[in-house]
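Data from upload.cif: mmCIF, C-alpha atoms
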data_structure
#
loop_
_atom_site.label_atom_id
_atom_site.label_comp_id
_atom_site.auth_asym_id
_atom_site.auth_seq_id
_atom_site.Cartn_x
_atom_site.Cartn_y
_atom_site.Cartn_z
CA ALA A 1 8.13 12.61 -9.61
CA GLN A 2 8.54 8.92 -9.08
CA SER A 3 6.15 6.47 -10.68
CA VAL A 4 5.71 2.73 -10.80
CA THR A 5 4.40 0.67 -13.70
CA GLN A 6 3.05 -2.81 -13.22
CA LEU A 7 2.69 -4.05 -16.77
CA ASP A 8 0.22 -6.86 -16.11
CA SER A 9 -3.12 -6.24 -14.45
CA GLN A 10 -3.77 -9.97 -14.15
CA VAL A 11 -1.57 -13.06 -14.35
CA PRO A 12 -3.22 -16.50 -14.50
CA VAL A 13 -1.01 -19.46 -13.67
CA PHE A 14 -1.39 -23.12 -12.75
CA GLU A 15 -0.44 -24.43 -9.34
CA GLU A 16 3.23 -25.44 -9.01
CA ALA A 17 4.21 -23.38 -12.07
CA PRO A 18 6.73 -20.52 -11.79
CA VAL A 19 5.56 -16.94 -11.94
CA GLU A 20 7.05 -13.51 -12.55
CA LEU A 21 5.21 -10.27 -11.80
CA ARG A 22 6.77 -7.29 -13.51
CA CYS A 23 7.48 -3.90 -12.01
CA ASN A 24 9.29 -0.95 -13.54
CA TYR A 25 9.95 2.37 -11.86
CA SER A 26 10.87 5.72 -13.29
CA SER A 27 13.57 7.44 -11.33
CA SER A 28 17.05 8.61 -12.16
CA VAL A 29 18.17 8.51 -8.54
CA SER A 30 18.53 5.87 -5.87
CA VAL A 31 15.31 4.29 -4.71
CA TYR A 32 13.91 2.01 -2.09
CA LEU A 33 11.64 -0.68 -3.56
CA PHE A 34 8.90 -2.77 -2.01
CA TRP A 35 6.46 -5.51 -2.89
CA TYR A 36 3.22 -5.84 -0.94
CA VAL A 37 0.58 -8.56 -1.10
CA GLN A 38 -3.13 -8.11 -0.48
CA TYR A 39 -5.19 -11.23 0.13
CA PRO A 40 -8.95 -10.95 -0.50
CA ASN A 41 -10.68 -8.58 1.90
CA GLN A 42 -7.50 -7.85 3.81
CA GLY A 43 -4.97 -5.06 4.13
CA LEU A 44 -1.55 -4.99 2.49
CA GLN A 45 1.34 -6.99 3.92
CA LEU A 46 4.99 -6.40 3.16
CA LEU A 47 6.47 -9.25 1.08
CA LEU A 48 9.99 -7.92 0.68
CA LYS A 49 12.00 -4.76 0.29
CA TYR A 50 15.18 -3.54 -1.34
CA LEU A 51 17.04 -0.80 0.50
CA SER A 52 20.67 -1.45 -0.52
CA GLY A 53 23.22 -4.24 -0.92
CA SER A 54 22.50 -7.48 -2.73
CA THR A 55 20.25 -7.02 -5.73
CA LEU A 56 18.48 -10.33 -5.07
CA VAL A 57 16.05 -9.92 -2.23
CA LYS A 58 14.26 -12.82 -0.55
CA GLY A 59 10.91 -12.34 1.09
CA ILE A 60 8.22 -14.28 2.85
CA ASN A 61 6.30 -17.23 1.40
CA GLY A 62 9.11 -18.18 -1.01
CA PHE A 63 9.00 -14.99 -3.06
CA GLU A 64 12.08 -13.15 -4.27
CA ALA A 65 12.76 -10.07 -6.35
CA GLU A 66 15.73 -8.77 -8.28
CA PHE A 67 16.69 -5.12 -8.42
CA ASN A 68 18.00 -4.17 -11.86
CA LYS A 69 19.19 -0.59 -11.88
CA SER A 70 20.04 -0.45 -15.59
CA GLN A 71 16.56 -1.61 -16.54
CA THR A 72 14.86 0.21 -13.63
CA SER A 73 13.02 -2.98 -12.78
CA PHE A 74 12.14 -4.91 -9.64
CA HIS A 75 10.37 -8.05 -10.83
CA LEU A 76 8.85 -10.45 -8.32
CA ARG A 77 9.32 -14.20 -8.79
CA LYS A 78 8.32 -17.49 -7.23
CA PRO A 79 9.55 -20.83 -8.60
CA SER A 80 6.39 -22.78 -7.70
CA VAL A 81 3.10 -21.13 -6.75
CA HIS A 82 0.33 -22.45 -4.53
CA ILE A 83 -3.40 -21.84 -4.62
CA SER A 84 -2.95 -19.77 -1.49
CA ASP A 85 -0.78 -17.27 -3.42
CA THR A 86 -3.88 -16.01 -5.19
CA ALA A 87 -3.89 -12.33 -4.26
CA GLU A 88 -3.15 -8.85 -5.55
CA TYR A 89 0.46 -7.75 -5.57
CA PHE A 90 1.61 -4.14 -5.42
CA CYS A 91 5.03 -2.75 -6.24
CA ALA A 92 6.02 0.51 -4.53
CA VAL A 93 8.93 2.94 -4.55
CA SER A 94 10.21 5.61 -2.17
CA ASP A 95 13.05 8.12 -2.13
CA PRO A 96 15.96 7.33 0.22
CA LYS A 97 16.68 11.03 0.63
CA ASN A 98 13.57 11.27 2.80
CA THR A 99 15.32 10.09 5.93
CA GLY A 100 12.27 10.62 8.08
CA PHE A 101 8.96 10.83 6.32
CA GLN A 102 8.61 8.13 3.66
CA LYS A 103 6.08 8.60 0.91
CA LEU A 104 5.44 5.38 -0.96
CA VAL A 105 4.27 5.55 -4.57
CA PHE A 106 2.32 2.44 -5.53
CA GLY A 107 1.73 0.73 -8.83
CA THR A 108 -1.79 -0.19 -9.91
CA GLY A 109 -1.39 -3.80 -8.82
CA THR A 110 -1.24 -7.24 -10.45
CA ARG A 111 -3.84 -9.85 -9.63
CA LEU A 112 -2.27 -13.31 -9.45
CA LEU A 113 -4.79 -16.08 -10.12
CA VAL A 114 -3.56 -19.59 -9.30
CA SER A 115 -5.70 -22.47 -10.50
CA PRO A 116 -5.39 -26.22 -9.89
CA ASN B 1 0.16 -6.64 19.37
CA ALA B 2 -2.57 -5.03 17.26
CA GLY B 3 -0.43 -2.97 14.82
CA VAL B 4 -2.80 -0.67 12.93
CA THR B 5 -6.50 -0.86 13.73
CA GLN B 6 -9.21 0.75 11.62
CA THR B 7 -12.81 1.30 12.61
CA PRO B 8 -15.39 0.76 11.29
CA LYS B 9 -14.74 -2.09 8.85
CA PHE B 10 -17.85 -1.42 6.76
CA ARG B 11 -20.19 1.53 6.40
CA VAL B 12 -22.99 2.62 4.10
CA LEU B 13 -23.68 6.35 3.94
CA LYS B 14 -26.30 8.38 2.18
CA THR B 15 -25.14 11.24 -0.05
CA GLY B 16 -24.53 14.32 2.07
CA GLN B 17 -24.01 12.48 5.35
CA SER B 18 -20.82 12.84 7.33
CA MET B 19 -18.64 10.32 9.07
CA THR B 20 -15.22 9.83 10.64
CA LEU B 21 -12.91 6.91 10.09
CA LEU B 22 -10.57 6.12 12.96
CA CYS B 23 -7.07 4.74 12.67
CA ALA B 24 -5.06 3.73 15.73
CA GLN B 25 -1.51 2.37 15.87
CA ASP B 26 0.36 0.99 18.84
CA MET B 27 3.88 0.92 17.38
CA ASN B 28 4.82 4.50 18.30
CA HIS B 29 5.27 5.33 14.61
CA GLU B 30 5.75 8.98 13.79
CA TYR B 31 4.22 8.90 10.33
CA MET B 32 0.66 8.00 9.39
CA TYR B 33 -1.22 7.93 6.10
CA TRP B 34 -4.69 7.58 4.63
CA TYR B 35 -5.06 5.93 1.22
CA ARG B 36 -8.04 5.03 -0.90
CA GLN B 37 -8.06 1.98 -3.13
CA ASP B 38 -10.16 1.85 -6.28
CA PRO B 39 -10.21 -0.87 -8.95
CA GLY B 40 -7.48 -0.42 -11.54
CA MET B 41 -6.06 2.63 -9.79
CA GLY B 42 -3.98 1.13 -7.02
CA LEU B 43 -3.61 3.12 -3.83
CA ARG B 44 -3.82 6.89 -3.85
CA LEU B 45 -2.67 9.03 -0.96
CA ILE B 46 -5.38 11.22 0.54
CA HIS B 47 -3.63 12.87 3.51
CA TYR B 48 -0.68 12.11 5.69
CA SER B 49 0.89 13.20 8.96
CA VAL B 50 4.55 13.50 9.93
CA GLY B 51 3.83 13.83 13.62
CA GLU B 52 1.34 14.68 16.31
CA GLY B 53 -0.53 17.87 15.47
CA THR B 54 0.58 17.93 11.83
CA THR B 55 -1.25 17.00 8.63
CA ALA B 56 -0.61 17.45 4.92
CA LYS B 57 -2.42 16.88 1.64
CA GLY B 58 -1.69 13.95 -0.61
CA GLU B 59 -2.74 13.29 -4.20
CA VAL B 60 -6.53 13.25 -3.73
CA PRO B 61 -7.41 15.38 -0.66
CA ASP B 62 -10.62 17.05 -1.91
CA GLY B 63 -13.67 16.20 0.14
CA TYR B 64 -11.68 14.87 3.10
CA ASN B 65 -10.28 16.34 6.29
CA VAL B 66 -7.92 14.80 8.81
CA SER B 67 -6.70 15.34 12.34
CA ARG B 68 -3.86 13.94 14.43
CA LEU B 69 -4.45 15.18 17.94
CA LYS B 70 -2.68 12.20 19.49
CA LYS B 71 0.37 10.43 18.08
CA GLN B 72 -1.36 7.07 17.97
CA ASN B 73 -4.55 8.22 16.23
CA PHE B 74 -5.22 9.56 12.74
CA LEU B 75 -8.80 10.46 11.86
CA LEU B 76 -10.23 10.83 8.37
CA GLY B 77 -13.43 12.83 8.01
CA LEU B 78 -15.96 13.11 5.22
CA GLU B 79 -18.06 16.23 5.79
CA SER B 80 -20.58 15.65 3.00
CA ALA B 81 -20.24 12.23 1.42
CA ALA B 82 -20.54 11.79 -2.36
CA PRO B 83 -20.93 8.60 -4.43
CA SER B 84 -17.42 9.24 -5.83
CA GLN B 85 -16.08 8.58 -2.34
CA THR B 86 -17.25 4.97 -2.47
CA SER B 87 -13.99 3.13 -1.98
CA VAL B 88 -11.88 1.04 0.34
CA TYR B 89 -9.88 3.20 2.72
CA PHE B 90 -6.59 2.10 4.21
CA CYS B 91 -4.64 3.63 7.02
CA ALA B 92 -0.92 2.98 7.38
CA SER B 93 1.91 3.98 9.66
CA SER B 94 5.63 3.87 9.12
CA TYR B 95 9.04 3.98 10.69
CA SER B 96 11.23 4.91 7.77
CA PRO B 97 12.70 3.33 5.75
CA TYR B 98 11.17 -0.02 6.48
CA GLY B 99 7.88 0.32 4.67
CA TYR B 100 4.38 0.70 5.93
CA THR B 101 2.19 -1.28 8.28
CA PHE B 102 -1.36 -1.25 6.99
CA GLY B 103 -4.71 -1.59 8.67
CA SER B 104 -7.28 -4.05 7.35
CA GLY B 105 -9.33 -1.36 5.62
CA THR B 106 -12.74 0.28 5.74
CA ARG B 107 -15.16 -0.49 2.94
CA LEU B 108 -17.33 2.59 2.42
CA THR B 109 -20.34 2.77 0.13
CA VAL B 110 -22.09 6.09 -0.52
CA VAL B 111 -25.55 5.75 -1.99
#
This structure in C-alpha coordinates:
Amino acid sequence: AQSVTQLDSQVPVFEEAPVELRCNYSSSVSVYLFWYVQYPNQGLQLLLKYLSGSTLVKGINGFEAEFNKSQTSFHLRKPSVHISDTAEYFCAVSDPKNTGFQKLVFGTGTRLLVSP
Amino acid sequence: NAGVTQTPKFRVLKTGQSMTLLCAQDMNHEYMYWYRQDPGMGLRLIHYSVGEGTTAKGEVPDGYNVSRLKKQNFLLGLESAAPSQTSVYFCASSYSPYGYTFGSGTRLTVV
(Lines of atoms letter the chains of each structure in order from A and count residues from 1; the text may use other names and numbers.)
(Lines give C-alpha, C1' and ligand atoms only; values in the text may rest on other atoms or scores of the structure.)
Protein backbone atom coordinates (compact mmCIF):
# COMPACT_ATOMS: atom_id res chain seq x y z
CA ALA A 1 0.00 0.00 0.00
CA GLN A 2 1.18 3.48 -0.76
CA SER A 3 2.14 5.83 2.03
CA VAL A 4 3.41 9.38 2.33
CA THR A 5 5.78 10.73 4.96
CA GLN A 6 6.04 14.41 5.70
CA LEU A 7 9.08 14.60 7.92
CA ASP A 8 8.38 17.98 9.50
CA SER A 9 5.17 18.68 11.39
CA GLN A 10 6.01 22.37 11.63
CA VAL A 11 8.43 24.66 9.80
CA PRO A 12 9.01 28.19 11.14
CA VAL A 13 10.59 30.66 8.74
CA PHE A 14 11.06 34.40 8.42
CA GLU A 15 9.38 36.40 5.69
CA GLU A 16 11.34 36.57 2.42
CA ALA A 17 13.45 33.53 3.37
CA PRO A 18 13.43 30.37 1.22
CA VAL A 19 11.61 27.29 2.41
CA GLU A 20 11.54 23.58 1.62
CA LEU A 21 8.82 21.24 2.85
CA ARG A 22 9.81 17.60 2.61
CA CYS A 23 7.73 14.74 1.30
CA ASN A 24 8.73 11.12 0.75
CA TYR A 25 6.51 8.39 -0.62
CA SER A 26 6.83 4.65 -0.48
CA SER A 27 6.02 3.00 -3.75
CA SER A 28 7.98 0.85 -6.14
CA VAL A 29 5.76 1.75 -9.08
CA SER A 30 4.85 4.89 -10.95
CA VAL A 31 2.93 7.45 -8.97
CA TYR A 32 1.04 10.67 -9.35
CA LEU A 33 2.05 13.27 -6.74
CA PHE A 34 0.24 16.30 -5.39
CA TRP A 35 0.73 19.15 -2.97
CA TYR A 36 -2.29 20.79 -1.37
CA VAL A 37 -2.47 23.89 0.82
CA GLN A 38 -5.00 24.52 3.57
CA TYR A 39 -5.34 28.08 4.84
CA PRO A 40 -6.85 28.52 8.32
CA ASN A 41 -10.48 27.44 8.52
CA GLN A 42 -10.64 26.58 4.83
CA GLY A 43 -10.66 23.50 2.65
CA LEU A 44 -7.68 22.14 0.73
CA GLN A 45 -6.59 23.73 -2.54
CA LEU A 46 -4.38 22.11 -5.14
CA LEU A 47 -0.95 23.78 -5.31
CA LEU A 48 0.64 21.61 -7.96
CA LYS A 49 0.77 18.10 -9.32
CA TYR A 50 3.17 15.73 -11.01
CA LEU A 51 1.65 13.30 -13.48
CA SER A 52 4.52 12.75 -15.95
CA GLY A 53 7.16 14.61 -17.94
CA SER A 54 9.43 17.26 -16.46
CA THR A 55 10.45 16.47 -12.91
CA LEU A 56 10.29 20.15 -11.92
CA VAL A 57 6.70 21.18 -11.45
CA LYS A 58 5.58 24.78 -11.00
CA GLY A 59 2.44 25.60 -9.11
CA ILE A 60 0.45 28.55 -7.92
CA ASN A 61 1.71 31.31 -5.62
CA GLY A 62 5.36 30.82 -6.65
CA PHE A 63 5.69 27.28 -5.31
CA GLU A 64 7.50 24.50 -7.14
CA ALA A 65 8.31 20.87 -6.44
CA GLU A 66 10.82 18.41 -7.80
CA PHE A 67 10.04 14.76 -8.38
CA ASN A 68 13.02 12.56 -7.54
CA LYS A 69 12.29 8.95 -8.39
CA SER A 70 15.56 7.53 -7.04
CA GLN A 71 14.98 9.15 -3.65
CA THR A 72 11.17 8.71 -3.79
CA SER A 73 10.78 12.36 -2.84
CA PHE A 74 8.62 15.27 -3.93
CA HIS A 75 9.83 18.25 -1.90
CA LEU A 76 8.02 21.57 -2.11
CA ARG A 77 10.03 24.79 -2.38
CA LYS A 78 9.54 28.54 -2.52
CA PRO A 79 12.47 30.93 -2.90
CA SER A 80 10.92 33.75 -0.85
CA VAL A 81 7.90 33.27 1.43
CA HIS A 82 5.27 35.80 2.45
CA ILE A 83 3.24 36.09 5.63
CA SER A 84 0.26 34.99 3.58
CA ASP A 85 1.91 31.59 2.93
CA THR A 86 1.25 30.63 6.54
CA ALA A 87 -0.86 27.50 6.16
CA GLU A 88 -0.79 23.73 6.38
CA TYR A 89 0.63 21.85 3.43
CA PHE A 90 -0.26 18.28 2.52
CA CYS A 91 1.58 15.94 0.18
CA ALA A 92 -0.48 13.20 -1.48
CA VAL A 93 0.09 10.26 -3.81
CA SER A 94 -2.12 8.19 -6.10
CA ASP A 95 -1.66 5.20 -8.39
CA PRO A 96 -1.72 5.94 -12.15
CA LYS A 97 -3.07 2.46 -12.85
CA ASN A 98 -6.42 3.62 -11.45
CA THR A 99 -7.53 5.22 -14.69
CA GLY A 100 -10.93 6.08 -13.32
CA PHE A 101 -11.30 6.14 -9.59
CA GLN A 102 -8.40 7.94 -7.92
CA LYS A 103 -7.71 7.29 -4.27
CA LEU A 104 -5.37 9.88 -2.81
CA VAL A 105 -3.22 8.93 0.17
CA PHE A 106 -2.29 11.99 2.22
CA GLY A 107 0.62 12.74 4.48
CA THR A 108 0.04 14.11 7.97
CA GLY A 109 0.75 17.67 6.91
CA THR A 110 3.39 20.34 7.56
CA ARG A 111 2.42 23.61 9.18
CA LEU A 112 4.37 26.50 7.66
CA LEU A 113 4.65 29.46 10.03
CA VAL A 114 5.96 32.66 8.43
CA SER A 115 6.89 35.48 10.77
CA PRO A 116 7.99 39.07 10.05
CA ASN B 1 -19.34 28.24 -10.13
CA ALA B 2 -19.68 26.77 -6.62
CA GLY B 3 -17.48 23.64 -6.98
CA VAL B 4 -18.06 21.51 -3.88
CA THR B 5 -20.48 22.79 -1.25
CA GLN B 6 -20.80 21.31 2.23
CA THR B 7 -23.59 21.94 4.68
CA PRO B 8 -23.66 22.67 7.54
CA LYS B 9 -20.37 24.44 8.26
CA PHE B 10 -20.55 23.93 12.03
CA ARG B 11 -22.56 21.64 14.27
CA VAL B 12 -22.59 20.61 17.92
CA LEU B 13 -24.21 17.27 18.71
CA LYS B 14 -24.93 15.49 21.94
CA THR B 15 -23.69 11.91 22.31
CA GLY B 16 -26.18 9.54 20.73
CA GLN B 17 -27.79 12.08 18.41
CA SER B 18 -27.85 11.58 14.67
CA MET B 19 -27.16 13.92 11.81
CA THR B 20 -26.48 14.03 8.08
CA LEU B 21 -23.79 16.03 6.35
CA LEU B 22 -24.55 17.06 2.80
CA CYS B 23 -22.04 17.42 0.00
CA ALA B 24 -23.03 18.79 -3.40
CA GLN B 25 -20.84 19.26 -6.48
CA ASP B 26 -21.69 20.97 -9.73
CA MET B 27 -18.76 19.77 -11.85
CA ASN B 28 -20.34 16.50 -13.02
CA HIS B 29 -17.56 14.54 -11.32
CA GLU B 30 -18.04 10.81 -11.13
CA TYR B 31 -16.09 10.23 -7.94
CA MET B 32 -16.81 11.62 -4.49
CA TYR B 33 -15.18 11.16 -1.11
CA TRP B 34 -15.65 11.87 2.58
CA TYR B 35 -12.57 12.48 4.73
CA ARG B 36 -12.08 13.39 8.35
CA GLN B 37 -9.21 15.56 9.49
CA ASP B 38 -7.77 15.25 12.98
CA PRO B 39 -4.69 17.00 14.41
CA GLY B 40 -1.47 15.17 13.60
CA MET B 41 -3.26 12.52 11.55
CA GLY B 42 -3.80 14.25 8.23
CA LEU B 43 -6.85 13.26 6.22
CA ARG B 44 -8.35 9.80 6.54
CA LEU B 45 -10.83 8.41 4.05
CA ILE B 46 -14.18 7.45 5.55
CA HIS B 47 -16.23 6.38 2.51
CA TYR B 48 -16.16 7.04 -1.19
CA SER B 49 -18.31 6.62 -4.26
CA VAL B 50 -17.34 5.77 -7.83
CA GLY B 51 -20.70 6.72 -9.27
CA GLU B 52 -24.36 7.32 -8.66
CA GLY B 53 -25.85 4.55 -6.54
CA THR B 54 -22.48 3.16 -5.44
CA THR B 55 -20.56 3.51 -2.17
CA ALA B 56 -17.53 1.85 -0.62
CA LYS B 57 -15.67 1.84 2.68
CA GLY B 58 -12.46 3.72 3.22
CA GLU B 59 -9.95 3.52 6.06
CA VAL B 60 -12.20 4.58 8.94
CA PRO B 61 -15.83 3.72 8.05
CA ASP B 62 -17.11 2.57 11.46
CA GLY B 63 -19.92 4.68 12.84
CA TYR B 64 -20.72 6.31 9.50
CA ASN B 65 -23.04 5.55 6.61
CA VAL B 66 -23.24 7.17 3.19
CA SER B 67 -25.57 7.42 0.24
CA ARG B 68 -25.24 8.66 -3.32
CA LEU B 69 -28.74 8.69 -4.74
CA LYS B 70 -27.93 11.49 -7.18
CA LYS B 71 -24.63 12.00 -8.99
CA GLN B 72 -24.16 15.49 -7.61
CA ASN B 73 -24.85 14.66 -3.95
CA PHE B 74 -22.97 12.54 -1.42
CA LEU B 75 -24.43 12.29 2.08
CA LEU B 76 -22.57 11.26 5.23
CA GLY B 77 -24.66 10.06 8.15
CA LEU B 78 -23.87 9.57 11.81
CA GLU B 79 -26.53 7.35 13.35
CA SER B 80 -25.42 7.65 16.97
CA ALA B 81 -22.73 10.28 17.45
CA ALA B 82 -19.78 9.64 19.78
CA PRO B 83 -17.16 12.08 21.14
CA SER B 84 -14.55 10.24 19.02
CA GLN B 85 -16.34 11.57 15.95
CA THR B 86 -15.48 15.15 16.87
CA SER B 87 -13.52 16.23 13.82
CA VAL B 88 -13.48 18.35 10.71
CA TYR B 89 -15.14 16.59 7.80
CA PHE B 90 -14.22 17.27 4.21
CA CYS B 91 -16.00 16.22 1.08
CA ALA B 92 -14.17 16.05 -2.23
CA SER B 93 -14.89 15.14 -5.82
CA SER B 94 -12.56 14.19 -8.61
CA TYR B 95 -12.10 13.76 -12.32
CA SER B 96 -9.07 11.52 -12.48
CA PRO B 97 -6.16 12.04 -12.64
CA TYR B 98 -6.25 15.72 -11.89
CA GLY B 99 -6.63 15.64 -8.14
CA TYR B 100 -9.51 16.49 -5.92
CA THR B 101 -11.70 19.53 -5.47
CA PHE B 102 -12.49 19.96 -1.80
CA GLY B 103 -15.36 21.56 0.04
CA SER B 104 -14.71 24.05 2.82
CA GLY B 105 -15.40 21.53 5.58
CA THR B 106 -17.83 20.85 8.40
CA ARG B 107 -16.59 21.30 11.94
CA LEU B 108 -18.43 18.81 14.14
CA THR B 109 -18.23 18.68 17.92
CA VAL B 110 -19.85 15.82 19.85
CA VAL B 111 -20.32 16.52 23.54
Contacts of Pro40 in chain A within 10 Å, only C-alpha atoms, excl. fewer than 6 positions in-chain, as a ChimeraX atom specification: /A:86-88
Name the residues that the PyMOL selection byres ((chain B and resi 81-91) around 6) pulls out of this structure, and write them as a PyMOL selection string. chain B and resi 15-18+33-38+78+80+92+102-103+105-111
Chain and number of each residue from the PyMOL selection byres ((chain A) within 10 of (chain B)), as a PDB file with C-alpha atoms, keeping the file's coordinate frame:
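Just written: part_36.pdb:
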ATOM      1  CA  SER A   9      -3.120  -6.240 -14.450  1.00  0.00           C
ATOM      2  CA  TYR A  32      13.910   2.010  -2.090  1.00  0.00           C
ATOM      3  CA  LEU A  33      11.640  -0.680  -3.560  1.00  0.00           C
ATOM      4  CA  PHE A  34       8.900  -2.770  -2.010  1.00  0.00           C
ATOM      5  CA  TRP A  35       6.460  -5.510  -2.890  1.00  0.00           C
ATOM      6  CA  TYR A  36       3.220  -5.840  -0.940  1.00  0.00           C
ATOM      7  CA  GLN A  38      -3.130  -8.110  -0.480  1.00  0.00           C
ATOM      8  CA  ASN A  41     -10.680  -8.580   1.900  1.00  0.00           C
ATOM      9  CA  GLN A  42      -7.500  -7.850   3.810  1.00  0.00           C
ATOM     10  CA  GLY A  43      -4.970  -5.060   4.130  1.00  0.00           C
ATOM     11  CA  LEU A  44      -1.550  -4.990   2.490  1.00  0.00           C
ATOM     12  CA  GLN A  45       1.340  -6.990   3.920  1.00  0.00           C
ATOM     13  CA  LEU A  46       4.990  -6.400   3.160  1.00  0.00           C
ATOM     14  CA  LEU A  48       9.990  -7.920   0.680  1.00  0.00           C
ATOM     15  CA  LYS A  49      12.000  -4.760   0.290  1.00  0.00           C
ATOM     16  CA  TYR A  50      15.180  -3.540  -1.340  1.00  0.00           C
ATOM     17  CA  LEU A  51      17.040  -0.800   0.500  1.00  0.00           C
ATOM     18  CA  PHE A  90       1.610  -4.140  -5.420  1.00  0.00           C
ATOM     19  CA  CYS A  91       5.030  -2.750  -6.240  1.00  0.00           C
ATOM     20  CA  ALA A  92       6.020   0.510  -4.530  1.00  0.00           C
ATOM     21  CA  VAL A  93       8.930   2.940  -4.550  1.00  0.00           C
ATOM     22  CA  SER A  94      10.210   5.610  -2.170  1.00  0.00           C
ATOM     23  CA  ASP A  95      13.050   8.120  -2.130  1.00  0.00           C
ATOM     24  CA  PRO A  96      15.960   7.330   0.220  1.00  0.00           C
ATOM     25  CA  ASN A  98      13.570  11.270   2.800  1.00  0.00           C
ATOM     26  CA  THR A  99      15.320  10.090   5.930  1.00  0.00           C
ATOM     27  CA  GLY A 100      12.270  10.620   8.080  1.00  0.00           C
ATOM     28  CA  PHE A 101       8.960  10.830   6.320  1.00  0.00           C
ATOM     29  CA  GLN A 102       8.610   8.130   3.660  1.00  0.00           C
ATOM     30  CA  LYS A 103       6.080   8.600   0.910  1.00  0.00           C
ATOM     31  CA  LEU A 104       5.440   5.380  -0.960  1.00  0.00           C
ATOM     32  CA  VAL A 105       4.270   5.550  -4.570  1.00  0.00           C
ATOM     33  CA  PHE A 106       2.320   2.440  -5.530  1.00  0.00           C
ATOM     34  CA  GLY A 107       1.730   0.730  -8.830  1.00  0.00           C
ATOM     35  CA  THR A 108      -1.790  -0.190  -9.910  1.00  0.00           C
ATOM     36  CA  GLY A 109      -1.390  -3.800  -8.820  1.00  0.00           C
ATOM     37  CA  THR A 110      -1.240  -7.240 -10.450  1.00  0.00           C
TER      38      THR A 110
END
Any chance you could resolve the PyMOL selection byres ((chain A and resi 11) around 8) against this file and give the residues as a ChimeraX atom specification? /A:8-10,12-13,21,110-113
All residues 7 Å or closer to Leu76 in chain B, only C-alpha atoms, same chain fewer than 6 positions away omitted, as a list in words: Thr20, Leu21, Leu22, Tyr64, Asn65, Val66 and Ser67 of chain B
Could you check which residues have any atom within 6 Å of (2.7, -26.0, -9.8), counting all atoms listed in the file with coordinates taken straight from the file, and then list them as a PDB file with C-alpha atoms, keeping the file's coordinate frame?
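Okay, point.pdb is ready:
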ATOM      1  CA  PHE A  14      -1.390 -23.120 -12.750  1.00  0.00           C
ATOM      2  CA  GLU A  15      -0.440 -24.430  -9.340  1.00  0.00           C
ATOM      3  CA  GLU A  16       3.230 -25.440  -9.010  1.00  0.00           C
ATOM      4  CA  ALA A  17       4.210 -23.380 -12.070  1.00  0.00           C
ATOM      5  CA  SER A  80       6.390 -22.780  -7.700  1.00  0.00           C
ATOM      6  CA  VAL A  81       3.100 -21.130  -6.750  1.00  0.00           C
TER       7      VAL A  81
END
List the neighbours of range 56-58 of chain A out to 10 Å using all atoms listed in the file; skip same-chain residues closer than 3 positions along the sequence, and give me the result as number ranges by chain. A: 47-53, 61-68, 74, 76-77
Using all atoms listed in the file, what residues lie at most 7 Å away from (11.0, 8.1, -10.7) (file coordinates), given as a ChimeraX atom specification? /A:1-3,25-28
In Å, how far is it from CA of Tyr39 in chain A to CA of Gly63 in chain B? 28.7 Å
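Rounded to one decimal, CA of Leu75 in chain B and CA of Asp62 in chain B lie 15.4 Å from each other.
Atom pair CA of Gly59 in chain A / CA of Tyr89 in chain A has a distance of 13.2 Å (rounded to one decimal).
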